[in-house]
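> Enclosed is the structure file coords03.cif (mmCIF, C-alpha atoms).
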```
data_run
#
loop_
_atom_site.label_atom_id
_atom_site.label_comp_id
_atom_site.auth_asym_id
_atom_site.auth_seq_id
_atom_site.Cartn_x
_atom_site.Cartn_y
_atom_site.Cartn_z
CA MET A 1 69.00 156.88 -32.47
CA LYS A 2 70.96 158.94 -29.94
CA LYS A 3 67.92 159.23 -27.69
CA LEU A 4 67.29 155.49 -27.83
CA TYR A 5 70.91 154.86 -26.95
CA LEU A 6 70.81 157.18 -23.94
CA LEU A 7 67.50 155.68 -22.87
CA PHE A 8 68.96 152.18 -23.03
CA ILE A 9 71.85 153.23 -20.80
CA SER A 10 69.67 154.94 -18.22
CA LEU A 11 67.12 152.14 -17.99
CA VAL A 12 69.70 149.36 -17.78
CA VAL A 13 71.37 151.29 -15.00
CA LEU A 14 68.11 151.75 -13.12
CA CYS A 15 66.86 148.21 -13.60
CA LEU A 16 69.94 146.74 -11.92
CA SER A 17 69.92 149.13 -9.00
CA SER A 18 68.41 146.55 -6.65
CA CYS A 19 71.64 144.56 -6.38
CA VAL A 20 74.31 147.18 -5.93
CA ASP A 21 76.21 149.37 -3.55
CA ILE A 22 73.78 152.23 -2.99
CA GLU A 23 74.85 155.53 -1.50
CA GLU A 24 72.83 158.65 -0.82
CA HIS A 25 74.67 161.91 -0.19
CA TYR A 26 73.06 165.09 1.09
CA ASP A 27 75.07 168.30 1.34
CA PHE A 28 73.08 171.00 3.11
CA LYS A 29 74.34 174.55 2.46
CA GLN A 30 74.20 177.72 4.56
CA ASP A 31 71.69 179.29 2.14
CA GLY A 32 69.20 176.43 2.68
CA SER A 33 69.93 174.62 -0.57
CA CYS A 34 70.94 170.97 -0.66
CA ASN A 35 72.85 168.94 -3.22
CA VAL A 36 71.52 165.36 -3.41
CA VAL A 37 73.39 162.51 -5.08
CA TYR A 38 72.05 158.99 -5.47
CA GLY A 39 75.02 156.76 -6.29
CA PHE A 40 74.61 153.25 -7.67
CA ASP A 41 77.62 150.97 -8.19
CA MET A 42 76.39 147.90 -10.06
CA SER A 43 79.79 146.48 -10.97
CA ASN A 44 79.58 143.42 -8.69
CA ALA A 45 76.08 142.57 -9.90
CA VAL A 46 77.11 142.98 -13.53
CA SER A 47 80.09 140.70 -12.98
CA VAL A 48 77.86 137.95 -11.58
CA LEU A 49 75.27 138.36 -14.34
CA MET A 50 77.88 138.37 -17.09
CA ASN A 51 79.28 135.08 -15.83
CA LEU A 52 75.80 133.55 -16.12
CA MET A 53 75.31 134.64 -19.72
CA SER A 54 76.13 132.64 -22.77
CA ASP A 55 78.97 133.71 -25.07
CA SER A 56 76.43 134.56 -27.78
CA VAL A 57 74.63 137.00 -25.48
CA ARG A 58 77.87 138.61 -24.32
CA ALA A 59 78.87 139.05 -27.97
CA THR A 60 75.83 141.18 -28.83
CA PRO A 61 76.38 144.93 -29.55
CA GLN A 62 74.56 145.94 -26.36
CA PHE A 63 77.34 144.40 -24.29
CA SER A 64 80.10 146.06 -26.28
CA MET A 65 79.04 149.54 -25.23
CA SER A 66 81.38 151.68 -23.19
CA LYS A 67 80.37 155.11 -21.92
CA ASP A 68 81.49 157.75 -19.45
CA THR A 69 79.14 160.69 -19.71
CA THR A 70 76.79 163.09 -17.98
CA LEU A 71 73.38 163.90 -19.42
CA ASN A 72 70.24 165.67 -18.36
CA PHE A 73 67.90 163.31 -16.49
CA TYR A 74 64.84 164.57 -18.37
CA SER A 75 66.45 163.90 -21.74
CA ALA A 76 67.12 160.29 -20.70
CA LEU A 77 63.44 159.59 -20.11
CA PRO A 78 61.34 158.07 -22.91
CA ASP A 79 58.89 160.40 -24.64
CA SER A 80 55.95 158.48 -23.19
CA THR A 81 57.23 159.16 -19.66
CA GLN A 82 57.94 162.83 -20.36
CA GLN A 83 54.38 163.31 -21.53
CA LYS A 84 52.97 161.94 -18.27
CA LEU A 85 54.95 164.29 -16.04
CA SER A 86 53.31 167.25 -14.37
CA PRO A 87 54.98 170.65 -14.99
CA ASP A 88 56.63 170.46 -11.55
CA GLU A 89 57.89 166.93 -12.16
CA ALA A 90 59.24 167.92 -15.58
CA ASN A 91 61.09 170.89 -14.08
CA MET A 92 62.52 168.63 -11.38
CA ALA A 93 63.78 166.14 -13.96
CA LYS A 94 65.25 168.92 -16.10
CA SER A 95 67.20 170.23 -13.11
CA SER A 96 68.71 166.80 -12.40
CA ASN A 97 71.70 165.15 -14.07
CA LEU A 98 72.48 161.51 -14.75
CA THR A 99 76.16 160.50 -14.79
CA VAL A 100 76.90 157.09 -16.30
CA LYS A 101 80.15 155.15 -16.35
CA MET A 102 79.67 151.85 -18.13
CA ASP A 103 81.89 149.15 -19.62
CA LEU A 104 80.04 145.83 -19.52
CA ARG A 105 82.97 143.81 -20.81
CA LYS A 106 84.96 144.98 -17.78
CA SER A 107 81.92 144.60 -15.49
CA ILE A 108 81.80 148.30 -14.75
CA MET A 109 78.47 150.03 -14.32
CA LYS A 110 78.05 153.08 -12.12
CA VAL A 111 75.50 155.86 -12.11
CA ASN A 112 74.90 159.02 -10.11
CA ILE A 113 71.67 161.00 -10.12
CA ASN A 114 72.42 164.54 -9.00
CA HIS A 115 69.97 167.28 -8.03
CA LEU A 116 70.41 170.68 -6.41
CA ALA A 117 67.37 171.47 -4.28
CA LYS A 118 66.88 175.21 -3.88
CA ASN A 119 65.33 174.93 -0.41
CA ALA A 120 63.72 172.52 2.06
CA ALA A 121 60.39 172.40 0.20
CA ASP A 122 62.18 171.65 -3.07
CA LEU A 123 64.15 168.85 -1.40
CA GLU A 124 61.04 167.28 0.10
CA TYR A 125 59.28 167.37 -3.27
CA TYR A 126 62.29 165.80 -4.99
CA LEU A 127 62.56 162.94 -2.50
CA GLN A 128 58.86 162.16 -2.79
CA HIS A 129 58.83 162.10 -6.60
CA ILE A 130 62.19 161.00 -8.03
CA SER A 131 61.56 157.25 -7.68
CA LYS A 132 58.14 157.57 -9.32
CA ILE A 133 59.69 159.23 -12.35
CA SER A 134 62.43 156.59 -12.50
CA MET A 135 59.81 153.85 -12.43
CA ASN A 136 57.56 155.32 -15.10
CA GLY A 137 59.24 153.61 -18.04
CA GLN A 138 59.85 150.23 -19.65
CA ILE A 139 62.40 149.18 -17.04
CA ASN A 140 61.31 145.57 -16.70
CA ASP A 141 61.43 144.93 -20.45
CA VAL A 142 64.95 146.31 -20.67
CA ALA A 143 66.01 144.28 -17.64
CA LYS A 144 64.81 141.06 -19.24
CA ASN A 145 66.37 141.89 -22.60
CA SER A 146 69.69 142.93 -21.10
CA THR A 147 70.18 140.06 -18.64
CA GLY A 148 68.57 137.30 -20.64
CA LYS A 149 67.38 135.82 -17.33
CA GLY A 150 64.06 137.49 -16.69
CA PHE A 151 65.56 139.14 -13.61
CA ASP A 152 62.63 141.29 -12.54
CA ALA A 153 64.24 144.25 -10.76
CA GLN A 154 61.48 146.69 -11.66
CA GLN A 155 59.84 146.96 -8.26
CA LEU A 156 63.13 147.35 -6.40
CA VAL A 157 63.84 150.60 -8.20
CA ALA A 158 60.78 152.09 -6.54
CA GLY A 159 62.04 151.41 -3.03
CA GLN A 160 61.91 155.07 -2.10
CA ASP A 161 58.12 154.89 -2.39
CA TYR A 162 57.88 153.29 1.04
CA TYR A 163 59.37 156.35 2.75
CA SER A 164 57.59 159.45 3.96
CA TYR A 165 59.58 162.67 4.26
CA GLU A 166 59.32 165.84 6.29
CA VAL A 167 61.97 168.43 5.49
CA THR A 168 62.23 171.95 6.90
CA PRO A 169 65.15 174.40 7.11
CA HIS A 170 66.26 172.70 10.37
CA LYS A 171 64.73 169.23 10.15
CA PHE A 172 65.24 166.09 8.05
CA TYR A 173 62.76 163.31 8.86
CA ARG A 174 62.43 160.09 6.89
CA ILE A 175 60.14 157.34 8.18
CA ILE A 176 59.58 153.96 6.59
CA ASP A 177 55.95 152.94 6.09
CA LYS A 178 55.94 149.31 7.25
CA THR A 179 52.72 148.48 5.40
CA LYS A 180 54.18 149.71 2.10
CA PHE A 181 57.50 148.04 2.89
CA ASN A 182 55.85 144.68 3.54
CA ALA A 183 53.95 145.04 0.26
CA PHE A 184 57.27 145.79 -1.44
CA LEU A 185 58.83 142.64 0.05
CA LYS A 186 55.88 140.54 -1.09
CA LYS A 187 56.19 141.81 -4.66
CA THR A 188 59.96 141.33 -4.79
CA GLN A 189 60.38 137.98 -3.07
CA SER A 190 61.65 136.22 -6.17
CA THR A 191 64.08 139.02 -7.06
CA LEU A 192 65.51 139.18 -3.55
CA ALA A 193 65.81 135.40 -3.41
CA MET A 194 67.58 135.34 -6.76
CA ALA A 195 69.99 138.07 -5.67
CA LYS A 196 70.79 136.14 -2.50
CA ALA A 197 71.27 132.88 -4.41
CA MET A 198 73.67 134.69 -6.75
CA LEU A 199 75.57 135.99 -3.71
CA ILE A 200 74.83 139.57 -4.72
CA ASP A 201 74.91 141.79 -1.68
CA MET A 202 72.73 144.88 -1.30
CA PRO A 203 74.59 147.29 0.99
CA TYR A 204 73.24 150.75 1.65
CA LYS A 205 74.89 153.92 2.91
CA ILE A 206 73.52 157.41 3.54
CA VAL A 207 75.73 160.39 4.29
CA LEU A 208 74.31 163.74 5.40
CA ASN A 209 76.53 166.80 5.70
CA PHE A 210 74.96 169.75 7.50
CA ALA A 211 75.89 173.42 7.63
CA HIS A 212 74.95 173.47 11.33
CA PRO A 213 75.59 170.94 14.13
CA VAL A 214 73.01 168.20 14.64
CA LYS A 215 70.96 168.88 17.76
CA LYS A 216 69.07 165.60 17.94
CA ILE A 217 68.94 162.29 16.05
CA ASN A 218 66.75 159.26 16.76
CA ASN A 219 68.76 156.48 15.07
CA THR A 220 71.33 154.86 17.39
CA LYS A 221 72.95 153.03 14.47
CA ALA A 222 73.81 156.31 12.73
CA ILE A 223 77.31 157.67 13.30
CA VAL A 224 77.61 161.36 14.16
CA SER A 225 80.94 163.10 13.62
CA ALA A 226 82.79 164.85 16.44
CA ASP A 227 81.68 168.27 15.21
CA ARG A 228 78.11 166.93 14.82
CA LYS A 229 77.87 168.20 11.24
CA HIS A 230 78.09 164.81 9.52
CA VAL A 231 75.81 161.78 9.88
CA THR A 232 76.48 158.36 8.33
CA LEU A 233 74.19 155.34 8.31
CA ILE A 234 75.43 152.01 6.92
CA THR A 235 73.23 148.92 6.59
CA ASN A 236 72.07 146.34 4.02
CA MET A 237 68.86 144.83 2.72
CA ASP A 238 69.05 141.75 4.98
CA GLU A 239 69.17 143.96 8.06
CA VAL A 240 66.39 146.20 6.75
CA ILE A 241 64.13 143.20 6.13
CA LYS A 242 64.64 142.05 9.72
CA ASN A 243 64.20 145.53 11.17
CA PRO A 244 62.74 148.16 8.78
CA SER A 245 62.99 150.83 11.48
CA VAL A 246 66.77 150.87 11.01
CA MET A 247 66.10 153.14 8.00
CA ASN A 248 64.23 155.74 10.04
CA LEU A 249 65.96 159.07 10.44
CA LYS A 250 64.69 162.00 12.45
CA ILE A 251 67.38 164.66 12.53
CA ASP A 252 67.09 168.17 13.97
CA PHE A 253 69.92 170.55 13.14
#
```
In structure tokens, how does this file's structure come out?

Amino acid sequence: MKKLYLLFISLVVLCLSSCVDIEEHYDFKQDGSCNVVYGFDMSNAVSVLMNLMSDSVRATPQFSMSKDTTLNFYSALPDSTQQKLSPDEANMAKSSNLTVKMDLRKSIMKVNINHLAKNAADLEYYLQHISKISMNGQINDVAKNSTGKGFDAQQLVAGQDYYSYEVTPHKFYRIIDKTKFNAFLKKTQSTLAMAKAMLIDMPYKIVLNFAHPVKKINNTKAIVSADRKHVTLITNMDEVIKNPSVMNLKIDF
């Protein structure tokens, strides 16, 4: 029962992550390690969705849950997903944590996925695989059951799949694959249209903190701090749809 409860929390959090404030934080350390945090604040989306639900749906036990906890990411995955993971993917999930703060009646739903990459190779592997693990579950079914609207957010959770990464001890490159991105847009047209009709914004922010000054960066929209150790990129899904290249980052440090 406990595992099902934790699974419900994690999947509801992930299924709504298309219509939220999304922040990525990278803290690169002197020893080559990097702490990565994916932050999802779904409170605005939950507020809109709750207003669209009937009183009978809002009165169900699922919407009475309140939780503020941190759990191991691997333990939050369903058994069927755990069994499909390679040994490396399982180890990656076990070394990641999922922090959930949820109170649906107050329209609060926030989640952080935290991982400490030991080195550049570990970070690159994590970035290339975390979204695939997040997707490999019954997300769409939970989304439909939880919203009561058939809001298909499943494909949006896998957005990271349209990036390619190259990470070395002094390089962080992320390039968007326009072919994969266009395929993503085609699959998620109805979800994006529904989010827009519901006035749910999809802002995005990435913050990278480096142990050494940035030598070169290709993105003119990114803001570099005075000491050149901090890079911030702020955009939203509407802008990304018009110009996918805004998400490209090639940083030498």
> In Å, how far is it from atom CA of A:Pro169 to atom CA of A:Val111?
28.6 Å
> With 10 Å as the threshold, what does the neighbourhood of (72.0, 147.9, 5.5) contain in terms of residues, counting all atoms listed in the file? Coordinates are those of the file; answer as a PyMOL selection string.
chain A and resi 22+201-206+233-241+243-244+246-247
> Write the residues of the preceding selection, restricted to C-alpha atoms, as a PDB file, in the coordinates of the input.

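Saved file selection-v5.pdb follows:
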```
ATOM      1  CA  ILE A  22      73.780 152.230  -2.990  1.00  0.00           C
ATOM      2  CA  ASP A 201      74.910 141.790  -1.680  1.00  0.00           C
ATOM      3  CA  MET A 202      72.730 144.880  -1.300  1.00  0.00           C
ATOM      4  CA  PRO A 203      74.590 147.290   0.990  1.00  0.00           C
ATOM      5  CA  TYR A 204      73.240 150.750   1.650  1.00  0.00           C
ATOM      6  CA  LYS A 205      74.890 153.920   2.910  1.00  0.00           C
ATOM      7  CA  ILE A 206      73.520 157.410   3.540  1.00  0.00           C
ATOM      8  CA  LEU A 233      74.190 155.340   8.310  1.00  0.00           C
ATOM      9  CA  ILE A 234      75.430 152.010   6.920  1.00  0.00           C
ATOM     10  CA  THR A 235      73.230 148.920   6.590  1.00  0.00           C
ATOM     11  CA  ASN A 236      72.070 146.340   4.020  1.00  0.00           C
ATOM     12  CA  MET A 237      68.860 144.830   2.720  1.00  0.00           C
ATOM     13  CA  ASP A 238      69.050 141.750   4.980  1.00  0.00           C
ATOM     14  CA  GLU A 239      69.170 143.960   8.060  1.00  0.00           C
ATOM     15  CA  VAL A 240      66.390 146.200   6.750  1.00  0.00           C
ATOM     16  CA  ILE A 241      64.130 143.200   6.130  1.00  0.00           C
ATOM     17  CA  ASN A 243      64.200 145.530  11.170  1.00  0.00           C
ATOM     18  CA  PRO A 244      62.740 148.160   8.780  1.00  0.00           C
ATOM     19  CA  VAL A 246      66.770 150.870  11.010  1.00  0.00           C
ATOM     20  CA  MET A 247      66.100 153.140   8.000  1.00  0.00           C
TER      21      MET A 247
END
```
> Written as a PyMOL selection string, what is the full residue list that the PyMOL selection byres ((chain A and resi 249) around 8) yields on the file shown?
chain A and resi 172-175+217-219+247-248+250-251
> Skip A:His230 itself and residues of its chain fewer than 2 positions away, then list as JSON, numbers by chain all residues within 9 Å of it, counting only C-alpha atoms.
{"A": [207, 208, 209, 210, 213, 214, 223, 224, 225, 226, 227, 228, 232]}
> From the list A:Ala117, A:Gln82, A:Phe181, A:Leu104, which residue is nearest A:Val37 when using all atoms listed in the file?
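Closest residue, counting all atoms listed in the file: A:Ala117.
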> Rounded to one decimal in Å, what is the spacing between atom CA of A:Ser131 and atom CA of A:Met53?
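Computing the Euclidean distance for atom CA of A:Ser131 and atom CA of A:Met53 yields 29.1 Å.
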> So, counting all atoms listed in the file, which residue among A:Tyr26, A:Tyr163, A:Phe63, A:Tyr126 is closest to A:Ala90?
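Among the listed residues, A:Tyr126 lies closest to A:Ala90.
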> Please indicate the distance in Å from atom CA of A:Leu127 to atom CA of A:Glu24, rounded to one decimal place.
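For atom CA of A:Leu127 relative to atom CA of A:Glu24, the distance reads 11.3 Å.
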> Within 8 Å of A:Leu71, counting only C-alpha atoms, which residues show up once you throw out same-chain ones fewer than 6 positions away? Write them as a ChimeraX atom specification, please.
/A:97-99
> For A:Ala76, which of A:Lys242, A:Arg58, A:Val48, A:Ile133 is the closest residue, counting only C-alpha atoms?
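Answer, going by the shortest atom-to-atom distance: A:Ile133.
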> Once the PyMOL selection byres ((chain A and resi 170) around 12) is applied to the coordinates I shared, what remains selected? I want it as a count of residues only.
27
> Counting all atoms listed in the file, write as a VMD selection string all protein and nucleic acid residues lying at most 6 Å from (74.0, 155.7, -10.0) in the file's frame.
chain A and resid 38 to 40 110 to 113
> Hey, which of A:Asp41, A:Asp68, A:Asp27, A:Asp79 ends up closest to A:Lys229? Count only C-alpha atoms.
A:Asp27
> Rank A:Asp177, A:Asp88, A:Asp103, A:Asp55 by their smallest atom-to-atom distance to A:Asp161, using only C-alpha atoms, and report the top residue only.
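Answer, going by the shortest atom-to-atom distance: A:Asp177.
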> Please determine, counting only C-alpha atoms, which residue among A:Ala193, A:Met42, A:Met102, A:Ala93 has the shortest atom-to-atom distance to A:Gln62.
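For A:Gln62, the nearest of the given residues is A:Met102.
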